[in-house]
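Encoded as structure tokens, the structure appears first; notes follow it.
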Amino acid sequence: MNKIEANAFVLFGGTGDLTKRKLIPAIYNLYIDNLLPENFFVASVGRREKTEDEYKKELEDAIKKYSRNSFEQKKWDKVSSRIYYYKLDFAVEDGYRDFDSYLKSLESIHETQGNRLFYLAVGPEHFATIVENLHKNSMTKQSTGKKSVIIEKPFGKDLESAIRLNEEITKVFDEENIFRIDHYLGKEMLQNIMVIRFANAVFEPIWNSSHIDHVQITSSEQMGVGDRAGYYEKAGALKDMVQNHLLQFLSLIAMEPPKKISTESIRDAKVKVLKDLQIYSNEQVYENVVRGQYGADNEANIKAYRDEDRTDDNSETETFVALKLNVDNKRWKGVPFYIRTGKRLKYKGVQAVIEFKPNYPSNYNEYSGNIEPNQLIIRIQPQEGVNFRFNAKKPGEGNDILPVNMDFCQNCEIGYNSQEAYERLLLDAMKGDKTLFTRWDEVMYSWKFVDAISNAWRKEKPDFPNYNPHSFGPDAANHLMERDKREWVNEL
Ligand code: BG6
């Protein structure tokens, strides 16, 4: 295990939603679990004028609301004594020199040895500007301590802008010091996929087109866009969820066994899947990709997406996507992958279903009852676990068949409180472990696939809104499956 370095955690976007919901609660929980280095502080940068006390009060409220460990004043006092707020317009170069001096004064108090981990929790349009300004002001010099950068998703808004952004960032940081974060990779059960597949003799031999009928991945949310429409209007579900989280999820399910259990071998195996994704023509997009946007539910007092704060009255931004895709290689020949994700849906949950082909001896038709295909369901959240659905004999007389479940629930035990994705990822970045971060080529191939869809969509006007809150999305998403004589598994 790599050692955790002394570190200054320099957080751009210090007053933003991500900082309050995820990053500061993660720091607080890491502190409680004694996982932070002794020499550590957080310098939060925001554009708003506020005193340090005001800022810390906001963070305290956020921890009370979002932290997995409950709030304890004494512990928070210890953590918050290492948190600082600095007002800076990060788009303007003036100001960075003073900020650097300020950081140096904190570095000497906390003895962080010049190691700086910059976190860009800001809109993607600001990534390059911040990195450039840091560089111009000599704030990223490796000669005075290790400097790394964590970049939030989406990395760019299409392939072209991602290439440009990557060029800008790699002028300043080596790939070695760039952490492109995709918090799904920090989720406990996503990390478990490789173990489930490769450490169990019963799965890997049948993990291929001879035995698997199809794979379906669902990430369903009950919440709407909330106060993030400023960002979401430009992203939509395709770029917010599919390009990153869901394609990463898929690559773990579809990858070949990595040559070694090492960062680069695992990334090599994942990138091969993304490279093998079939890129759709416009016609194939219209046939295989469904987009949706939620309408209102007046009785439940739920606004339509178009009526949310900061959305356009005629917004064409999708809040739902369902698609069928092919991984064009030997292992997956003829096996469709279905993906769906959306906001304001009936349930909150993330899971993958691997459905096996019905390879029964023909005389099994003589049994009565419901013989059903075997399904392996990997549940990511809220329940973390694995469910295997298989056929058994119904107890009693006769030859009836009954599908039953074998259930492993990792977080059902009382007292089990699994580490949040951001905790694991922040820790890994402090250790310099890049296994759970995306490499540039993974980002590039994901954009190639996604660009074909957004380009085709741009040519057609969507008929929005087209689904009701608390539903499973637009009817067309069900048709995508029904026409293949399959169906979505809706128990999440
Ligand atoms: C974020 C997206 O990356 O992931 C959000 O920007 C989405 O729109 C969120 O709500 C979902 O993450 P989680 O961990 O709550 O499933």
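In the structure tokens, chains take the letters A, B, ... in the order shown, each chain's residues start at 1, and ligands count up from 1 in the order shown.
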
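Scanning segment 344-386 of chain A with DSSP on the backbone, the strand (DSSP E) assignments fall on Gly349, Val350, Gln351, Ala352, Val353, Ile354, Glu355, Phe356, Ser368, Gly369, Gln375, Leu376, Ile377, Ile378, Arg379, Ile380, Gln381, Gly385 and Val386 of chain A.
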
Would you save the residues of that selection, restricted to N, CA, C and O atoms, as a short mmCIF file (atom, residue, chain, number, x, y, z; two decimals), in the first residue's frame?
```
data_model
loop_
_atom_site.label_atom_id
_atom_site.label_comp_id
_atom_site.auth_asym_id
_atom_site.auth_seq_id
_atom_site.Cartn_x
_atom_site.Cartn_y
_atom_site.Cartn_z
N GLY A 349 -31.71 3.66 -7.61
CA GLY A 349 -30.92 2.43 -7.56
C GLY A 349 -30.01 2.28 -8.77
O GLY A 349 -30.28 2.82 -9.84
N VAL A 350 -28.91 1.56 -8.54
CA VAL A 350 -27.96 1.30 -9.63
C VAL A 350 -27.64 -0.19 -9.61
O VAL A 350 -27.32 -0.74 -8.55
N GLN A 351 -27.76 -0.82 -10.76
CA GLN A 351 -27.44 -2.25 -10.81
C GLN A 351 -27.16 -2.72 -12.23
O GLN A 351 -27.51 -2.05 -13.21
N ALA A 352 -26.51 -3.88 -12.31
CA ALA A 352 -26.33 -4.54 -13.61
C ALA A 352 -26.97 -5.91 -13.52
O ALA A 352 -26.86 -6.59 -12.49
N VAL A 353 -27.64 -6.30 -14.59
CA VAL A 353 -28.23 -7.64 -14.65
C VAL A 353 -27.54 -8.39 -15.77
O VAL A 353 -27.48 -7.91 -16.90
N ILE A 354 -26.99 -9.54 -15.43
CA ILE A 354 -26.40 -10.40 -16.46
C ILE A 354 -27.38 -11.55 -16.64
O ILE A 354 -27.60 -12.33 -15.71
N GLU A 355 -27.99 -11.61 -17.81
CA GLU A 355 -29.00 -12.66 -18.01
C GLU A 355 -28.41 -13.76 -18.88
O GLU A 355 -27.86 -13.51 -19.95
N PHE A 356 -28.53 -14.99 -18.40
CA PHE A 356 -27.93 -16.13 -19.09
C PHE A 356 -28.91 -16.75 -20.08
O PHE A 356 -30.13 -16.59 -19.95
N SER A 368 -43.77 -28.26 -15.11
CA SER A 368 -44.68 -27.13 -15.24
C SER A 368 -44.16 -25.99 -14.36
O SER A 368 -43.20 -26.17 -13.62
N GLY A 369 -44.80 -24.89 -14.45
CA GLY A 369 -44.35 -23.74 -13.65
C GLY A 369 -43.51 -22.81 -14.49
O GLY A 369 -43.46 -22.93 -15.72
N GLN A 375 -30.35 -15.20 -13.73
CA GLN A 375 -29.87 -13.81 -13.75
C GLN A 375 -28.91 -13.58 -12.59
O GLN A 375 -29.20 -13.98 -11.46
N LEU A 376 -27.81 -12.93 -12.91
CA LEU A 376 -26.92 -12.48 -11.85
C LEU A 376 -27.09 -10.97 -11.76
O LEU A 376 -26.90 -10.27 -12.76
N ILE A 377 -27.51 -10.50 -10.61
CA ILE A 377 -27.76 -9.06 -10.48
C ILE A 377 -26.71 -8.48 -9.54
O ILE A 377 -26.60 -8.91 -8.38
N ILE A 378 -25.94 -7.56 -10.06
CA ILE A 378 -24.92 -6.93 -9.22
C ILE A 378 -25.49 -5.58 -8.78
O ILE A 378 -25.72 -4.70 -9.62
N ARG A 379 -25.76 -5.48 -7.50
CA ARG A 379 -26.39 -4.25 -7.00
C ARG A 379 -25.32 -3.30 -6.45
O ARG A 379 -24.54 -3.68 -5.58
N ILE A 380 -25.37 -2.10 -6.96
CA ILE A 380 -24.34 -1.12 -6.56
C ILE A 380 -24.85 -0.23 -5.42
O ILE A 380 -24.15 0.03 -4.47
N GLN A 381 -26.10 0.22 -5.54
CA GLN A 381 -26.70 1.05 -4.49
C GLN A 381 -28.20 1.14 -4.70
O GLN A 381 -28.64 0.93 -5.84
N GLY A 385 -24.70 -5.53 -3.16
CA GLY A 385 -24.66 -6.98 -3.05
C GLY A 385 -24.83 -7.67 -4.38
O GLY A 385 -24.74 -7.06 -5.45
N VAL A 386 -25.09 -8.95 -4.31
CA VAL A 386 -25.25 -9.77 -5.50
C VAL A 386 -26.45 -10.69 -5.29
O VAL A 386 -26.61 -11.25 -4.21
#
```

Contacts to ligand 1 at 8 Å cut-off (only C-alpha atoms and all ligand atoms) as a ChimeraX atom specification: /A:153,182-184,187,219,221,223,225,232,237,240-241,245,343,349-350,381,421

Next, write the just-selected residues to a file, as a compact mmCIF listing (two decimals), in the first residue's frame, keeping all heavy atoms as the atom set.
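After the write, selection-v7.txt holds the following:
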```txt
# COMPACT_ATOMS: atom_id res chain seq x y z
N LYS A 153 -15.58 15.25 -13.75
CA LYS A 153 -16.18 14.98 -15.03
C LYS A 153 -17.23 16.06 -15.32
O LYS A 153 -17.65 16.71 -14.37
CB LYS A 153 -16.82 13.60 -15.04
CG LYS A 153 -17.79 13.37 -13.86
CD LYS A 153 -18.96 12.56 -14.21
CE LYS A 153 -20.11 13.36 -14.73
NZ LYS A 153 -21.03 13.85 -13.69
N ASP A 182 -13.92 9.68 -11.68
CA ASP A 182 -15.25 9.20 -12.04
C ASP A 182 -15.71 8.49 -10.79
O ASP A 182 -15.26 7.38 -10.49
CB ASP A 182 -15.15 8.21 -13.21
CG ASP A 182 -16.51 7.73 -13.64
OD1 ASP A 182 -17.35 7.45 -12.75
OD2 ASP A 182 -16.76 7.65 -14.86
N HIS A 183 -16.57 9.12 -10.01
CA HIS A 183 -16.77 8.61 -8.66
C HIS A 183 -17.43 7.23 -8.63
O HIS A 183 -17.35 6.53 -7.64
CB HIS A 183 -17.52 9.63 -7.79
CG HIS A 183 -19.00 9.64 -7.98
ND1 HIS A 183 -19.61 10.31 -8.99
CD2 HIS A 183 -20.01 9.06 -7.29
CE1 HIS A 183 -20.91 10.15 -8.91
NE2 HIS A 183 -21.19 9.39 -7.88
N TYR A 184 -18.03 6.82 -9.77
CA TYR A 184 -18.59 5.46 -9.79
C TYR A 184 -17.49 4.42 -9.51
O TYR A 184 -17.73 3.39 -8.92
CB TYR A 184 -19.27 5.18 -11.13
CG TYR A 184 -20.78 5.37 -11.07
CD1 TYR A 184 -21.31 6.52 -10.49
CD2 TYR A 184 -21.65 4.41 -11.57
CE1 TYR A 184 -22.69 6.69 -10.41
CE2 TYR A 184 -23.03 4.58 -11.50
CZ TYR A 184 -23.54 5.72 -10.92
OH TYR A 184 -24.90 5.89 -10.84
N LYS A 187 -17.08 3.35 -6.00
CA LYS A 187 -18.17 2.65 -5.31
C LYS A 187 -17.74 1.22 -5.01
O LYS A 187 -17.20 0.53 -5.88
CB LYS A 187 -19.45 2.66 -6.15
CG LYS A 187 -20.08 4.06 -6.25
CD LYS A 187 -21.41 4.00 -6.97
CE LYS A 187 -21.95 5.39 -7.27
NZ LYS A 187 -22.53 6.08 -6.14
N SER A 219 -29.14 2.97 -14.00
CA SER A 219 -28.85 3.91 -12.92
C SER A 219 -30.03 4.86 -12.86
O SER A 219 -30.23 5.68 -13.76
CB SER A 219 -27.57 4.68 -13.21
OG SER A 219 -27.45 5.72 -12.28
N GLU A 221 -32.56 7.54 -10.78
CA GLU A 221 -32.60 8.50 -9.67
C GLU A 221 -34.02 9.01 -9.48
O GLU A 221 -34.76 9.18 -10.45
CB GLU A 221 -31.70 9.69 -9.98
CG GLU A 221 -30.25 9.33 -10.08
CD GLU A 221 -29.38 10.56 -10.30
OE1 GLU A 221 -29.09 11.24 -9.31
OE2 GLU A 221 -29.02 10.84 -11.45
N MET A 223 -34.50 11.94 -7.70
CA MET A 223 -34.37 13.41 -7.63
C MET A 223 -34.43 14.02 -9.04
O MET A 223 -34.06 13.36 -10.01
CB MET A 223 -33.01 13.79 -7.04
CG MET A 223 -32.71 13.24 -5.69
SD MET A 223 -33.56 14.17 -4.43
CE MET A 223 -32.57 15.64 -4.43
N VAL A 225 -33.29 17.70 -11.27
CA VAL A 225 -31.98 18.30 -11.50
C VAL A 225 -31.57 19.21 -10.33
O VAL A 225 -30.39 19.58 -10.20
CB VAL A 225 -31.98 19.07 -12.84
CG1 VAL A 225 -32.83 20.32 -12.74
CG2 VAL A 225 -30.59 19.39 -13.30
N TYR A 232 -26.26 21.31 -15.90
CA TYR A 232 -26.94 20.17 -16.52
C TYR A 232 -27.53 20.52 -17.89
O TYR A 232 -27.54 19.67 -18.80
CB TYR A 232 -28.03 19.67 -15.59
CG TYR A 232 -28.51 18.27 -15.91
CD1 TYR A 232 -27.82 17.16 -15.43
CD2 TYR A 232 -29.64 18.06 -16.69
CE1 TYR A 232 -28.25 15.87 -15.73
CE2 TYR A 232 -30.07 16.78 -17.00
CZ TYR A 232 -29.36 15.69 -16.51
OH TYR A 232 -29.79 14.42 -16.82
N ALA A 237 -28.27 13.89 -19.72
CA ALA A 237 -27.96 12.58 -19.14
C ALA A 237 -26.87 11.84 -19.91
O ALA A 237 -26.08 11.10 -19.33
CB ALA A 237 -29.23 11.73 -19.10
N ASP A 240 -23.61 13.51 -18.83
CA ASP A 240 -23.48 13.54 -17.37
C ASP A 240 -23.28 12.13 -16.80
O ASP A 240 -22.58 11.95 -15.82
CB ASP A 240 -24.76 14.16 -16.79
CG ASP A 240 -24.70 14.33 -15.28
OD1 ASP A 240 -23.69 14.88 -14.80
OD2 ASP A 240 -25.65 13.92 -14.58
N MET A 241 -23.89 11.15 -17.41
CA MET A 241 -23.89 9.79 -16.82
C MET A 241 -23.32 8.72 -17.75
O MET A 241 -22.58 7.86 -17.32
CB MET A 241 -25.33 9.38 -16.44
CG MET A 241 -25.96 10.19 -15.35
SD MET A 241 -25.18 9.99 -13.73
CE MET A 241 -25.61 8.31 -13.32
N HIS A 245 -19.75 7.46 -16.10
CA HIS A 245 -20.08 6.43 -15.10
C HIS A 245 -20.53 5.11 -15.73
O HIS A 245 -20.06 4.04 -15.36
CB HIS A 245 -21.23 6.90 -14.19
CG HIS A 245 -20.96 8.19 -13.47
ND1 HIS A 245 -19.70 8.56 -13.07
CD2 HIS A 245 -21.78 9.19 -13.07
CE1 HIS A 245 -19.78 9.72 -12.44
NE2 HIS A 245 -21.02 10.13 -12.44
N LYS A 343 -33.33 10.88 -14.42
CA LYS A 343 -33.74 11.58 -13.20
C LYS A 343 -35.26 11.54 -13.09
O LYS A 343 -35.95 11.38 -14.08
CB LYS A 343 -33.24 13.02 -13.24
CG LYS A 343 -31.70 13.10 -13.24
CD LYS A 343 -31.21 14.45 -12.80
CE LYS A 343 -29.70 14.56 -12.89
NZ LYS A 343 -28.98 13.84 -11.82
N GLY A 349 -31.71 3.66 -7.61
CA GLY A 349 -30.92 2.43 -7.56
C GLY A 349 -30.01 2.28 -8.77
O GLY A 349 -30.28 2.82 -9.84
N VAL A 350 -28.91 1.56 -8.54
CA VAL A 350 -27.96 1.30 -9.63
C VAL A 350 -27.64 -0.19 -9.61
O VAL A 350 -27.32 -0.74 -8.55
CB VAL A 350 -26.65 2.10 -9.42
CG1 VAL A 350 -25.66 1.83 -10.54
CG2 VAL A 350 -26.92 3.60 -9.30
N GLN A 381 -26.10 0.22 -5.54
CA GLN A 381 -26.70 1.05 -4.49
C GLN A 381 -28.20 1.14 -4.70
O GLN A 381 -28.64 0.93 -5.84
CB GLN A 381 -26.08 2.46 -4.47
CG GLN A 381 -26.40 3.25 -5.72
CD GLN A 381 -25.65 4.55 -5.82
OE1 GLN A 381 -24.50 4.65 -5.45
NE2 GLN A 381 -26.30 5.57 -6.36
N ALA A 421 -17.77 6.67 -2.06
CA ALA A 421 -16.85 6.65 -3.20
C ALA A 421 -15.79 7.76 -3.11
O ALA A 421 -14.61 7.52 -3.35
CB ALA A 421 -17.66 6.80 -4.48
```

Who sits within 8 Å of segment 82-88 of chain A, only C-alpha atoms, same chain under 2 positions skipped, as a list in words: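 Close residues of segment 82-88 of chain A: Gly14, Phe40, Phe41, Val42, Ala43, Ser44, Val45, Gly46, Arg47, Arg48, Glu49, Lys50, Thr51, Glu52, Tyr55, Lys56, Lys78, Val79, Ser80, Phe90, Gly95, Tyr96 and Phe99 of chain A.
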
Shell around Pro25 of chain A at 12 Å using only C-alpha atoms, local window under 5 positions removed, as a ChimeraX atom specification: /A:17-20,30-32,58-71,76,79-80,419-423,426

Near-Lys461 of chain A list (8 Å; only C-alpha atoms; drop same-chain fewer than 3 positions) as a list in words: Glu316, Trp457 and Arg458 of chain A

Put those residues in a file: all heavy atoms, as a short mmCIF file (atom, residue, chain, number, x, y, z; two decimals), in the first residue's frame.
```cif
data_model
loop_
_atom_site.label_atom_id
_atom_site.label_comp_id
_atom_site.auth_asym_id
_atom_site.auth_seq_id
_atom_site.Cartn_x
_atom_site.Cartn_y
_atom_site.Cartn_z
N GLU A 316 -34.06 21.36 -24.75
CA GLU A 316 -34.01 20.06 -25.42
C GLU A 316 -33.02 19.13 -24.71
O GLU A 316 -32.58 18.12 -25.26
CB GLU A 316 -33.62 20.24 -26.89
CG GLU A 316 -34.68 20.99 -27.66
CD GLU A 316 -34.44 21.04 -29.15
OE1 GLU A 316 -33.43 20.50 -29.62
OE2 GLU A 316 -35.29 21.64 -29.84
N TRP A 457 -28.56 13.25 -32.66
CA TRP A 457 -29.66 13.94 -31.96
C TRP A 457 -29.80 15.39 -32.42
O TRP A 457 -30.90 15.91 -32.51
CB TRP A 457 -29.39 13.93 -30.45
CG TRP A 457 -29.78 12.65 -29.78
CD1 TRP A 457 -30.40 11.58 -30.33
CD2 TRP A 457 -29.58 12.33 -28.39
NE1 TRP A 457 -30.59 10.60 -29.38
CE2 TRP A 457 -30.10 11.03 -28.19
CE3 TRP A 457 -29.01 12.99 -27.31
CZ2 TRP A 457 -30.07 10.40 -26.94
CZ3 TRP A 457 -28.98 12.37 -26.07
CH2 TRP A 457 -29.50 11.08 -25.89
N ARG A 458 -28.64 16.01 -32.68
CA ARG A 458 -28.69 17.42 -33.07
C ARG A 458 -29.51 17.61 -34.34
O ARG A 458 -30.06 18.66 -34.59
CB ARG A 458 -27.26 17.92 -33.28
CG ARG A 458 -27.03 19.25 -32.58
CD ARG A 458 -25.59 19.65 -32.56
NE ARG A 458 -24.83 18.95 -31.54
CZ ARG A 458 -23.66 18.34 -31.74
NH1 ARG A 458 -23.11 18.32 -32.93
NH2 ARG A 458 -23.04 17.75 -30.75
#
```

For segment 438-440 of chain A, please output as a JSON list (two decimals) with all heavy atoms, in the first residue's frame all residues within 8 Å (counting only C-alpha atoms; exclusion window: fewer than 6 positions along the same chain).
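Wrote result-v4.json, looks like this:
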```
[["chain", "number", "residue", "atom", "x", "y", "z"],
["A", 166, "ASN", "N", -7.18, 18.16, -22.84],
["A", 166, "ASN", "CA", -6.08, 17.28, -22.45],
["A", 166, "ASN", "C", -4.74, 17.89, -22.82],
["A", 166, "ASN", "O", -3.78, 17.82, -22.06],
["A", 166, "ASN", "CB", -6.26, 15.91, -23.11],
["A", 166, "ASN", "CG", -5.49, 14.86, -22.38],
["A", 166, "ASN", "OD1", -5.58, 14.75, -21.16],
["A", 166, "ASN", "ND2", -4.68, 14.11, -23.10],
["A", 179, "PHE", "N", -5.42, 13.11, -12.24],
["A", 179, "PHE", "CA", -6.42, 12.17, -11.74],
["A", 179, "PHE", "C", -7.78, 12.58, -12.29],
["A", 179, "PHE", "O", -8.37, 13.54, -11.82],
["A", 179, "PHE", "CB", -6.45, 12.19, -10.20],
["A", 179, "PHE", "CG", -5.20, 11.65, -9.57],
["A", 179, "PHE", "CD1", -4.07, 12.43, -9.47],
["A", 179, "PHE", "CD2", -5.16, 10.34, -9.11],
["A", 179, "PHE", "CE1", -2.91, 11.92, -8.91],
["A", 179, "PHE", "CE2", -4.00, 9.82, -8.55],
["A", 179, "PHE", "CZ", -2.87, 10.62, -8.45],
["A", 180, "ARG", "N", -8.23, 11.87, -13.34],
["A", 180, "ARG", "CA", -9.57, 12.19, -13.89],
["A", 180, "ARG", "C", -10.57, 11.36, -13.10],
["A", 180, "ARG", "O", -10.59, 10.14, -13.20],
["A", 180, "ARG", "CB", -9.65, 11.81, -15.38],
["A", 180, "ARG", "CG", -8.72, 12.63, -16.24],
["A", 180, "ARG", "CD", -8.80, 12.25, -17.71],
["A", 180, "ARG", "NE", -7.63, 12.77, -18.39],
["A", 180, "ARG", "CZ", -6.44, 12.17, -18.41],
["A", 180, "ARG", "NH1", -6.29, 10.98, -17.84],
["A", 180, "ARG", "NH2", -5.43, 12.73, -19.04],
["A", 181, "ILE", "N", -11.37, 12.05, -12.34],
["A", 181, "ILE", "CA", -12.20, 11.33, -11.37],
["A", 181, "ILE", "C", -13.52, 10.90, -12.01],
["A", 181, "ILE", "O", -14.13, 11.64, -12.79],
["A", 181, "ILE", "CB", -12.45, 12.19, -10.11],
["A", 181, "ILE", "CG1", -12.85, 11.33, -8.91],
["A", 181, "ILE", "CG2", -13.47, 13.28, -10.34],
["A", 181, "ILE", "CD1", -12.71, 12.05, -7.58],
["A", 182, "ASP", "N", -13.92, 9.68, -11.68],
["A", 182, "ASP", "CA", -15.25, 9.20, -12.04],
["A", 182, "ASP", "C", -15.71, 8.49, -10.79],
["A", 182, "ASP", "O", -15.26, 7.38, -10.49],
["A", 182, "ASP", "CB", -15.15, 8.21, -13.21],
["A", 182, "ASP", "CG", -16.51, 7.73, -13.64],
["A", 182, "ASP", "OD1", -17.35, 7.45, -12.75],
["A", 182, "ASP", "OD2", -16.76, 7.65, -14.86],
["A", 267, "ARG", "N", -6.38, -0.82, -16.55],
["A", 267, "ARG", "CA", -6.83, 0.22, -17.49],
["A", 267, "ARG", "C", -6.72, -0.25, -18.94],
["A", 267, "ARG", "O", -7.57, 0.05, -19.77],
["A", 267, "ARG", "CB", -6.03, 1.49, -17.27],
["A", 267, "ARG", "CG", -6.35, 2.15, -15.94],
["A", 267, "ARG", "CD", -5.26, 3.09, -15.57],
["A", 267, "ARG", "NE", -5.74, 4.35, -15.04],
["A", 267, "ARG", "CZ", -4.99, 5.45, -14.96],
["A", 267, "ARG", "NH1", -3.75, 5.45, -15.40],
["A", 267, "ARG", "NH2", -5.50, 6.55, -14.47]]
```

Nearest to Ile206 of chain A, chosen from A:Val131, A:Leu11, A:Tyr416, A:Lys357, with only C-alpha atoms counted in the distances: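 Counting only C-alpha atoms, the residue closest to Ile206 of chain A is A:Lys357.
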
Atom-to-atom span, atom CA of Asn468 of chain A and atom CA of Asn314 of chain A, Å: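 Between these atoms lies a distance of 17.1 Å.
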
Non-local contacts of Ser161 of chain A (12 Å; only C-alpha atoms; under 2 positions in same chain excluded) as a VMD selection string: chain A and resid 124 to 125 127 to 128 154 to 159 163 to 168 443 to 444 447 to 448 451

Top pick for closest residue to Ser315 of chain A, considering A:Val327, A:Ile371, A:Leu492, A:Ala235 and counting only C-alpha atoms: A:Ala235

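Proximity of A:Val242, A:Ala300, A:Ile453, A:Ala476 to Gln284 of chain A, computed with only C-alpha atoms, is greatest for A:Ile453.
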
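Note that atom CA of Glu264 of chain A and atom CA of Pro205 of chain A are 24.2 Å apart.
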
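Put simply, atom CA of Val149 of chain A is 22.3 Å away from atom CA of Ile109 of chain A.
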